[in-house]
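Content type mmCIF, C-alpha atoms (C1' of nucleotides), from the file coords-v4.cif:
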```cif
data_target
#
loop_
_atom_site.label_atom_id
_atom_site.label_comp_id
_atom_site.auth_asym_id
_atom_site.auth_seq_id
_atom_site.Cartn_x
_atom_site.Cartn_y
_atom_site.Cartn_z
CA MET A 1061 137.29 101.87 99.91
CA HIS A 1062 133.84 100.56 99.09
CA ARG A 1063 130.83 102.86 99.22
CA GLY A 1064 127.12 102.52 98.82
CA THR A 1065 123.76 104.11 99.45
CA LEU A 1066 120.46 102.65 100.52
CA SER A 1067 117.34 104.74 100.15
CA LEU A 1068 114.58 104.54 102.72
CA SER A 1069 112.12 104.15 99.88
CA SER A 1070 113.54 100.67 99.46
CA ILE A 1071 114.04 99.65 103.09
CA GLY A 1072 111.15 101.46 104.76
CA PRO A 1073 111.20 103.54 107.94
CA PHE A 1074 114.63 103.75 109.53
CA ASP A 1075 116.23 105.94 112.20
CA LEU A 1076 119.94 105.22 112.58
CA GLN A 1077 120.54 107.32 115.67
CA SER A 1078 117.67 105.79 117.62
CA THR A 1079 118.71 102.34 116.51
CA VAL A 1080 122.33 102.55 117.66
CA GLU A 1081 121.89 104.91 120.63
CA SER A 1082 118.91 103.26 122.27
CA GLY A 1083 120.99 101.09 124.56
CA GLN A 1084 120.45 97.85 122.68
CA THR A 1085 123.86 97.72 120.97
CA PHE A 1086 127.39 98.43 122.13
CA ARG A 1087 129.05 97.56 118.85
CA TRP A 1088 128.64 100.92 117.07
CA THR A 1089 130.67 103.97 118.00
CA ARG A 1090 130.19 107.51 116.87
CA GLU A 1091 132.99 108.75 114.65
CA ASP A 1092 132.83 112.30 115.97
CA GLY A 1093 133.95 111.03 119.34
CA ARG A 1094 130.94 112.53 121.05
CA SER A 1095 129.66 110.29 123.77
CA TYR A 1096 126.09 109.16 123.99
CA GLU A 1097 125.65 110.76 127.40
CA GLU A 1098 125.90 114.22 125.90
CA SER A 1099 122.19 114.43 125.42
CA ASP A 1100 122.50 117.68 123.52
CA ALA A 1101 124.99 116.12 121.10
CA TYR A 1102 122.60 115.51 118.25
CA GLY A 1103 123.89 112.73 116.06
CA GLY A 1104 121.30 112.95 113.34
CA ASP A 1105 123.83 112.80 110.53
CA ALA A 1106 126.86 111.44 112.39
CA TRP A 1107 128.89 108.52 111.16
CA TYR A 1108 128.83 105.32 113.22
CA ALA A 1109 131.44 102.61 112.76
CA THR A 1110 131.90 99.00 113.71
CA VAL A 1111 134.50 96.32 113.13
CA VAL A 1112 133.17 93.27 111.36
CA VAL A 1113 134.75 89.92 112.03
CA GLY A 1114 134.50 87.39 109.27
CA ASP A 1115 136.14 84.06 108.62
CA GLY A 1116 139.49 84.52 107.02
CA PRO A 1117 140.89 82.26 104.30
CA ALA A 1118 143.05 80.48 106.89
CA SER A 1119 140.97 79.01 109.67
CA ASP A 1120 143.24 80.35 112.40
CA GLU A 1121 143.32 83.84 110.95
CA ARG A 1122 140.64 86.38 111.76
CA ASP A 1123 139.44 88.47 108.88
CA LEU A 1124 138.68 91.99 110.09
CA ASP A 1125 136.77 94.67 108.23
CA VAL A 1126 135.40 98.09 109.07
CA VAL A 1127 132.12 99.62 108.01
CA ARG A 1128 130.75 103.04 108.84
CA VAL A 1129 127.35 104.38 108.09
CA ARG A 1130 125.38 107.60 108.41
CA GLN A 1131 121.88 108.76 107.67
CA THR A 1132 121.04 111.93 105.82
CA ASP A 1133 117.31 112.43 105.48
CA ASP A 1134 116.01 109.51 103.45
CA ARG A 1135 119.34 107.93 102.60
CA LEU A 1136 121.68 105.56 104.35
CA GLU A 1137 125.29 106.05 103.24
CA TRP A 1138 128.06 103.62 104.00
CA GLU A 1139 131.82 103.35 103.53
CA ALA A 1140 133.70 100.16 104.23
CA SER A 1141 136.76 98.06 103.63
CA PHE A 1142 134.50 95.55 101.85
CA ASP A 1143 131.13 95.33 100.11
CA ALA A 1144 129.07 95.88 103.23
CA GLU A 1145 125.48 96.05 102.02
CA ALA A 1146 124.51 92.51 102.99
CA THR A 1147 126.22 92.92 106.36
CA LEU A 1148 124.35 96.15 107.03
CA ARG A 1149 121.04 94.59 106.08
CA ARG A 1150 121.64 91.78 108.51
CA ARG A 1151 123.18 93.76 111.37
CA LEU A 1152 120.61 96.58 111.28
CA ARG A 1153 117.69 94.30 110.37
CA LEU A 1154 116.87 96.41 107.33
CA ASP A 1155 114.64 93.69 105.92
CA ASP A 1156 112.23 93.76 108.86
CA ASP A 1157 108.80 95.02 107.81
CA LEU A 1158 108.37 97.70 110.46
CA PRO A 1159 104.86 98.84 109.48
CA ALA A 1160 103.66 95.24 109.52
CA ILE A 1161 105.22 94.67 112.94
CA ARG A 1162 103.53 97.76 114.32
CA ASP A 1163 100.21 96.74 112.81
CA ALA A 1164 100.50 93.40 114.59
CA THR A 1165 101.09 95.10 117.95
CA PRO A 1166 98.20 95.89 120.30
CA SER A 1167 97.50 99.59 120.48
CA ASP A 1168 97.41 101.69 123.64
CA PRO A 1169 98.49 105.27 124.40
CA LEU A 1170 101.94 104.37 125.78
CA LEU A 1171 102.87 102.14 122.85
CA GLU A 1172 101.55 104.60 120.26
CA THR A 1173 103.55 107.41 121.84
CA ALA A 1174 106.74 105.35 121.94
CA PHE A 1175 106.35 104.14 118.34
CA ASP A 1176 105.57 107.64 117.08
CA ARG A 1177 108.45 109.24 118.94
CA TYR A 1178 111.14 106.89 117.64
CA TRP A 1179 109.54 105.58 114.46
CA GLY A 1180 112.25 103.95 112.37
CA LEU A 1181 114.14 102.47 115.32
CA ARG A 1182 115.05 98.89 114.48
CA LEU A 1183 116.40 96.03 116.48
CA VAL A 1184 119.97 95.03 115.76
CA ARG A 1185 121.64 91.69 115.21
CA ASP A 1186 124.99 91.89 116.97
CA PRO A 1187 127.68 89.18 117.26
CA PRO A 1188 126.76 86.65 120.00
CA PHE A 1189 129.92 86.59 122.12
CA ALA A 1190 130.40 90.36 122.24
CA THR A 1191 126.73 90.79 123.08
CA LEU A 1192 126.94 88.20 125.84
CA ILE A 1193 129.88 89.99 127.46
CA ALA A 1194 128.37 93.45 127.02
CA PHE A 1195 125.20 92.49 128.83
CA ILE A 1196 127.09 90.69 131.59
CA CYS A 1197 128.76 94.07 132.07
CA SER A 1198 125.39 95.84 132.02
CA ALA A 1199 124.35 94.71 135.51
CA GLN A 1200 123.65 97.78 137.66
CA MET A 1201 125.29 100.00 135.09
CA ARG A 1202 124.23 103.04 133.13
CA VAL A 1203 124.13 102.65 129.38
CA GLU A 1204 126.91 105.19 128.90
CA ARG A 1205 129.22 103.31 131.24
CA ILE A 1206 128.52 100.00 129.52
CA HIS A 1207 129.83 101.64 126.34
CA GLU A 1208 132.95 102.74 128.21
CA MET A 1209 133.60 99.24 129.52
CA GLN A 1210 133.25 97.71 126.07
CA ARG A 1211 135.64 100.28 124.61
CA ALA A 1212 138.12 99.54 127.39
CA LEU A 1213 137.92 95.80 126.66
CA GLU A 1214 138.43 96.41 122.94
CA GLU A 1215 141.40 98.71 123.34
CA ARG A 1216 143.06 96.47 125.92
CA PHE A 1217 142.41 93.01 124.48
CA GLY A 1218 141.04 93.50 120.96
CA GLU A 1219 142.82 93.22 117.65
CA SER A 1220 143.30 96.48 115.79
CA ILE A 1221 142.72 97.29 112.15
CA THR A 1222 143.48 100.47 110.24
CA PHE A 1223 140.86 101.78 107.85
CA ASP A 1224 140.92 105.10 106.02
CA GLY A 1225 143.83 106.21 108.21
CA GLU A 1226 142.00 105.51 111.48
CA GLU A 1227 142.62 102.73 113.97
CA TYR A 1228 139.70 100.54 114.99
CA TYR A 1229 139.47 97.69 117.48
CA ALA A 1230 137.58 94.45 117.20
CA PHE A 1231 135.91 92.97 120.23
CA PRO A 1232 138.32 90.55 121.97
CA THR A 1233 138.12 86.87 121.18
CA PRO A 1234 136.87 84.46 123.87
CA GLU A 1235 140.40 83.03 124.03
CA ARG A 1236 141.98 86.39 124.74
CA LEU A 1237 139.43 87.35 127.39
CA ALA A 1238 139.76 83.93 128.99
CA GLU A 1239 143.47 84.62 129.45
CA ALA A 1240 142.82 87.93 131.19
CA THR A 1241 143.03 87.94 134.95
CA GLU A 1242 140.28 89.17 137.21
CA ALA A 1243 142.58 91.95 138.40
CA GLU A 1244 143.20 93.14 134.85
CA LEU A 1245 139.49 93.30 134.21
CA ARG A 1246 138.83 95.10 137.47
CA ASP A 1247 141.42 97.65 136.42
CA LEU A 1248 139.21 98.41 133.44
CA GLY A 1249 136.40 99.31 135.82
CA LEU A 1250 134.31 96.14 135.51
CA GLY A 1251 133.99 95.75 139.26
CA TYR A 1252 132.36 92.52 140.43
CA ARG A 1253 131.56 91.66 136.80
CA ALA A 1254 135.25 90.98 136.16
CA PRO A 1255 135.22 87.30 137.21
CA TYR A 1256 131.90 86.79 135.41
CA VAL A 1257 133.44 88.00 132.15
CA GLN A 1258 136.62 85.97 132.58
CA ARG A 1259 134.82 82.74 133.47
CA THR A 1260 132.20 83.08 130.74
CA ALA A 1261 134.95 83.75 128.18
CA GLU A 1262 136.70 80.65 129.46
CA MET A 1263 133.58 78.55 129.00
CA VAL A 1264 133.29 79.69 125.39
CA ALA A 1265 137.01 79.35 124.69
CA GLU A 1266 137.10 75.82 126.08
CA GLY A 1267 134.02 74.80 124.16
CA THR A 1268 131.84 74.12 127.21
CA ALA A 1269 129.10 76.14 125.56
CA HIS A 1270 128.67 78.88 122.96
CA PRO A 1271 125.89 81.51 122.82
CA GLN A 1272 125.39 80.69 119.15
CA GLU A 1273 124.16 77.25 120.21
CA ALA A 1274 121.00 78.80 121.65
CA THR A 1275 119.81 79.77 118.17
CA ASP A 1276 118.45 76.32 117.44
CA LEU A 1277 116.41 76.05 120.63
CA ALA A 1278 112.87 77.08 121.43
CA TYR A 1279 112.71 80.53 123.00
CA GLU A 1280 112.45 79.62 126.68
CA ASP A 1281 114.89 76.74 126.31
CA ALA A 1282 117.32 79.15 124.66
CA ARG A 1283 117.00 81.49 127.64
CA GLU A 1284 117.82 78.65 130.02
CA TYR A 1285 120.76 77.60 127.87
CA LEU A 1286 122.30 81.09 128.03
CA ALA A 1287 121.72 81.29 131.78
CA GLN A 1288 124.39 78.63 132.29
CA PHE A 1289 127.07 81.26 131.64
CA VAL A 1290 128.51 82.95 134.72
CA GLY A 1291 126.94 86.32 135.33
CA VAL A 1292 124.03 85.56 133.04
CA GLY A 1293 120.55 85.43 134.52
CA GLU A 1294 117.20 85.52 132.78
CA LYS A 1295 117.32 89.24 131.99
CA VAL A 1296 120.78 89.20 130.41
CA ALA A 1297 119.88 86.03 128.55
CA ASP A 1298 116.84 87.77 127.08
CA CYS A 1299 119.02 90.67 125.93
CA VAL A 1300 121.33 88.33 124.05
CA LEU A 1301 118.39 86.50 122.52
CA LEU A 1302 116.78 89.76 121.40
CA PHE A 1303 119.74 91.85 120.26
CA SER A 1304 121.92 89.11 118.82
CA LEU A 1305 120.20 85.81 118.16
CA GLY A 1306 117.03 87.02 116.47
CA PHE A 1307 114.48 86.05 119.12
CA ILE A 1308 112.44 89.20 118.62
CA GLU A 1309 109.71 87.91 120.92
CA ALA A 1310 112.06 88.29 123.91
CA VAL A 1311 111.19 91.00 126.43
CA PRO A 1312 114.06 91.57 128.88
CA LEU A 1313 112.54 92.44 132.26
CA ASP A 1314 114.83 95.20 133.45
CA THR A 1315 114.09 97.92 135.98
CA TRP A 1316 112.54 100.17 133.33
CA ILE A 1317 110.20 97.56 131.95
CA ARG A 1318 109.32 96.32 135.43
CA SER A 1319 108.30 99.81 136.53
CA THR A 1320 106.38 100.18 133.28
CA ILE A 1321 104.52 96.99 134.06
CA GLU A 1322 103.81 98.17 137.58
CA GLU A 1323 102.45 101.48 136.35
CA TYR A 1324 100.72 100.63 133.07
CA TYR A 1325 100.10 96.86 133.05
CA PRO A 1326 99.80 95.76 136.71
CA GLU A 1327 97.72 92.75 135.68
CA CYS A 1328 100.81 91.35 133.91
CA ASP A 1329 102.85 91.09 137.10
CA ARG A 1330 102.90 87.38 137.86
CA GLY A 1331 105.73 87.35 140.37
CA SER A 1332 108.19 85.05 138.68
CA TYR A 1333 110.29 86.19 135.75
CA ALA A 1334 109.04 83.48 133.41
CA GLU A 1335 105.35 84.10 134.11
CA THR A 1336 105.60 87.88 134.00
CA SER A 1337 107.59 87.55 130.81
CA ARG A 1338 104.83 85.52 129.17
CA ALA A 1339 102.15 87.97 130.23
CA ILE A 1340 103.90 91.13 129.04
CA ARG A 1341 105.02 89.37 125.86
CA GLU A 1342 101.38 88.78 125.03
CA ARG A 1343 100.55 92.38 125.89
CA PHE A 1344 103.38 93.66 123.66
CA GLY A 1345 102.45 91.78 120.53
CA GLY A 1346 103.58 88.17 120.99
CA GLU A 1347 106.08 87.19 118.34
CA TYR A 1348 107.27 90.80 117.85
CA ALA A 1349 107.13 91.82 121.51
CA GLY A 1350 110.84 92.58 121.64
CA TYR A 1351 110.35 95.43 119.18
CA THR A 1352 107.74 96.98 121.44
CA GLN A 1353 110.02 96.52 124.44
CA THR A 1354 112.85 98.39 122.75
CA TYR A 1355 110.64 101.33 121.77
CA VAL A 1356 109.17 101.54 125.27
CA PHE A 1357 112.57 101.25 126.94
CA HIS A 1358 114.05 104.02 124.83
CA HIS A 1359 110.99 106.20 125.35
CA LEU A 1360 110.88 105.75 129.13
CA ARG A 1361 114.63 106.17 129.53
CA ASN A 1362 114.37 109.51 127.76
CA GLY A 1363 111.76 110.94 130.07
CA GLY A 1364 108.62 109.57 128.49
CA GLY A 1365 107.04 108.38 131.73
CA SER A 1366 103.63 109.55 132.90
CA SER A 1367 105.29 111.29 135.83
CA GLU A 1368 106.95 113.69 133.41
"C1'" DT B 1227 110.60 77.78 145.20
"C1'" DA B 1228 110.53 82.47 146.95
"C1'" DG B 1229 112.94 86.16 149.55
"C1'" DA B 1230 117.03 88.74 151.41
"C1'" DT B 1231 121.70 90.40 150.85
"C1'" DA B 1232 126.29 91.37 149.12
"C1'" DC B 1233 128.66 92.99 145.34
"C1'" DC B 1234 132.46 96.98 142.21
"C1'" DT B 1235 132.40 101.40 140.37
"C1'" DT B 1236 130.75 105.89 139.18
"C1'" DA B 1237 127.74 109.83 139.09
"C1'" DT B 1238 124.43 112.65 141.22
"C1'" DA B 1239 121.44 114.39 144.96
"C1'" DG B 1240 121.05 116.00 149.47
"C1'" DA C 1444 133.30 118.07 151.48
"C1'" DC C 1445 130.85 114.01 152.70
"C1'" DT C 1446 127.23 110.37 152.70
"C1'" DA C 1447 123.43 108.07 150.59
"C1'" DT C 1448 121.48 106.27 146.64
"C1'" DA C 1449 120.92 104.16 142.25
"C1'" DA C 1450 122.51 102.56 137.76
"C1'" DG C 1451 119.27 97.83 131.62
"C1'" DG C 1452 121.20 92.10 137.90
"C1'" DT C 1453 123.32 87.88 139.42
"C1'" DA C 1454 125.07 84.56 142.73
"C1'" DT C 1455 124.54 82.74 147.00
"C1'" DC C 1456 122.39 81.45 151.13
#
```
Write out the structure in this file as structure tokens.
Amino acid sequence: MHRGTLSLSSIGPFDLQSTVESGQTFRWTREDGRSYEESDAYGGDAWYATVVVGDGPASDERDLDVVRVRQTDDRLEWEASFDAEATLRRRLRLDDDLPAIRDATPSDPLLETAFDRYWGLRLVRDPPFATLIAFICSAQMRVERIHEMQRALEERFGESITFDGEEYYAFPTPERLAEATEAELRDLGLGYRAPYVQRTAEMVAEGTAHPQEATDLAYEDAREYLAQFVGVGEKVADCVLLFSLGFIEAVPLDTWIRSTIEEYYPECDRGSYAETSRAIRERFGGEYAGYTQTYVFHHLRNGGGSSE
DNA sequence: TAGATACCTTATAG
DNA sequence: ACTATAAGGTATC
């Protein structure tokens, strides 16, 4: 067992619960078993765990680790099967300069309210393949159900690892998901997304393409690259770019953000996804626009609209 | 290129 | 109890 502590005085503003329960990541699960949909289930000091997949000593062997983390006031505590500090810094983007990002963002009442309400929320950097599959599953789905689908995939097709007496599951490999049948995936409740997941996994397993490849491309080219996967359109592609590949200028245009644009920034509606995306990206702070998007999404989804 | 429609499953409103 | 509607959209025509 490895343990460690990070103080907020060294990493700046951070809010673990907002970060992992804001609908941007499906890789962290609450240890107390309470589901995110229980809105009254305050997880202010709950432990959250994830399975980390590294490269094992043998190239055909996956090296699995577990890390869990919780926040108590101004400290971030972690326990893991390995020295997890660098992993946590990367996965939870602890090196982002949040105050500087906010300073670089245009100010208006909606954005100020969202930033104030969830100050400390950070973007995450999740593994590319798992993120790709999760957001394929996200189509016409509530956040809570997306979590359920990911858990079902893990428990059915993922490798398990025991840590501190508990069993954890890694996200399935592309190869394993590619072998799954559409019927098996439908049985897990994926609905019409089942063939999307199977075929995209197959593309990755066979080497046709890999989401990681998008990292080296310019933002809009990267979005087009990801859209070649089955079940991946511009919105899902933006989610993968933002929550996994580090394109923090990406602003996924989902129903929440679209209604926000309609209500608060009607002049940004350009009709097409690409043009509207450029306009709202500029309005949300350009190179850091994805941060603004995530604050606004979380705020609106939790009843922060003007109609409240 | 832009617009309309079908699509699985589940939860909630009426 | 039963039907309509919507939930972080995409593929197809």
- [ ] Record the distance separating CA of Ala1240 in chain A and CA of Ser1304 in chain A, expressed in Å with one decimal.
- [x]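 CA of Ser1304 in chain A lies 24.3 Å from CA of Ala1240 in chain A.
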Task: Contacts of DA1228 in chain B at 12 Å (all atoms listed in the file; same-chain gap of 4+ positions) as a ChimeraX atom specification - done: /A:1331-1333
Task: Distance query range 1448-1452 of chain C at most 7 Å, all atoms listed in the file, self and fewer than 4 positions along chain excluded, as a PyMOL selection string - done: chain A and resi 1198-1202+1314-1315
TODO: Run the PyMOL selection byres ((chain B) within 12 of (chain A)) mentally over the shown coordinates, then write out the matched residues as number ranges by chain, using the chain letters and numbers from the document.
DONE: B: 1227-1229, 1232-1237
Open item on the list: Let me make sure I understand: among A:Ala1160, A:Met1061, A:Ile1206, A:Leu1302, which one has the smallest atom-to-atom distance to Ala1140 in chain A if we use all atoms listed in the file?
Closed with: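 Selected residue with least distance to Ala1140 in chain A: A:Met1061.
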TODO: Pull out every residue of chain A sitting within 12 Å of chain C, counting all atoms listed in the file, and send them as a ChimeraX atom specification.
DONE: /A:1082-1085,1194-1206,1252-1253,1255-1256,1287-1299,1311-1318,1353-1354,1357-1358,1360-1361
So what does the PyMOL selection byres ((chain A and resi 1227) around 12) actually pick up in this one, as a PDB file with C-alpha atoms, in the coordinates of the input?
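So result-v9.pdb came out as:
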```pdb
ATOM      1  CA  GLU A1091     132.990 108.750 114.650  1.00  0.00           C
ATOM      2  CA  ALA A1109     131.440 102.610 112.760  1.00  0.00           C
ATOM      3  CA  THR A1110     131.900  99.000 113.710  1.00  0.00           C
ATOM      4  CA  VAL A1111     134.500  96.320 113.130  1.00  0.00           C
ATOM      5  CA  ASP A1125     136.770  94.670 108.230  1.00  0.00           C
ATOM      6  CA  VAL A1126     135.400  98.090 109.070  1.00  0.00           C
ATOM      7  CA  GLU A1214     138.430  96.410 122.940  1.00  0.00           C
ATOM      8  CA  GLU A1215     141.400  98.710 123.340  1.00  0.00           C
ATOM      9  CA  GLY A1218     141.040  93.500 120.960  1.00  0.00           C
ATOM     10  CA  GLU A1219     142.820  93.220 117.650  1.00  0.00           C
ATOM     11  CA  SER A1220     143.300  96.480 115.790  1.00  0.00           C
ATOM     12  CA  ILE A1221     142.720  97.290 112.150  1.00  0.00           C
ATOM     13  CA  THR A1222     143.480 100.470 110.240  1.00  0.00           C
ATOM     14  CA  PHE A1223     140.860 101.780 107.850  1.00  0.00           C
ATOM     15  CA  ASP A1224     140.920 105.100 106.020  1.00  0.00           C
ATOM     16  CA  GLY A1225     143.830 106.210 108.210  1.00  0.00           C
ATOM     17  CA  GLU A1226     142.000 105.510 111.480  1.00  0.00           C
ATOM     18  CA  TYR A1228     139.700 100.540 114.990  1.00  0.00           C
ATOM     19  CA  TYR A1229     139.470  97.690 117.480  1.00  0.00           C
ATOM     20  CA  ALA A1230     137.580  94.450 117.200  1.00  0.00           C
TER      21      ALA A1230
END
```
- [ ] In Å, rounded to a single decimal, give me how far CA of Gly1306 in chain A is from CA of Asp1186 in chain A.
- [x]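 Computing the Euclidean distance for CA of Asp1186 in chain A and CA of Gly1306 in chain A yields 9.3 Å.
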TODO: Starting from the shown file, work through the PyMOL selection byres ((chain A and resi 1275-1278) around 10) and note down what comes out as a VMD selection string.
DONE: chain A and resid 1188 1271 to 1274 1279 to 1285 1301 1304 to 1307
Using all atoms of range 1445-1455 of chain C listed in the file and a margin of 6 Å per side, can you give the axis-aligned box centre and edge lengths in Å to one decimal, as JSON?
```
{"center_x": 125.1, "center_y": 98.4, "center_z": 142.2, "size_x": 23.6, "size_y": 43.3, "size_z": 33.1}
```
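Interatomic distance, CA of Asp1176 in chain A against CA of Asn1362 in chain A: 14.0 Å.
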Within 8 Å of (107.7, 99.6, 112.1) in the file's own coordinates, which protein, DNA or RNA residues have an atom, counting all atoms listed in the file? List them as a PDB file with C-alpha atoms, in the frame of the given file.
```
ATOM      1  CA  PRO A1073     111.200 103.540 107.940  1.00  0.00           C
ATOM      2  CA  ASP A1157     108.800  95.020 107.810  1.00  0.00           C
ATOM      3  CA  LEU A1158     108.370  97.700 110.460  1.00  0.00           C
ATOM      4  CA  PRO A1159     104.860  98.840 109.480  1.00  0.00           C
ATOM      5  CA  ALA A1160     103.660  95.240 109.520  1.00  0.00           C
ATOM      6  CA  ILE A1161     105.220  94.670 112.940  1.00  0.00           C
ATOM      7  CA  ARG A1162     103.530  97.760 114.320  1.00  0.00           C
ATOM      8  CA  PHE A1175     106.350 104.140 118.340  1.00  0.00           C
ATOM      9  CA  TRP A1179     109.540 105.580 114.460  1.00  0.00           C
ATOM     10  CA  GLY A1180     112.250 103.950 112.370  1.00  0.00           C
ATOM     11  CA  LEU A1181     114.140 102.470 115.320  1.00  0.00           C
ATOM     12  CA  ARG A1182     115.050  98.890 114.480  1.00  0.00           C
TER      13      ARG A1182
END
```
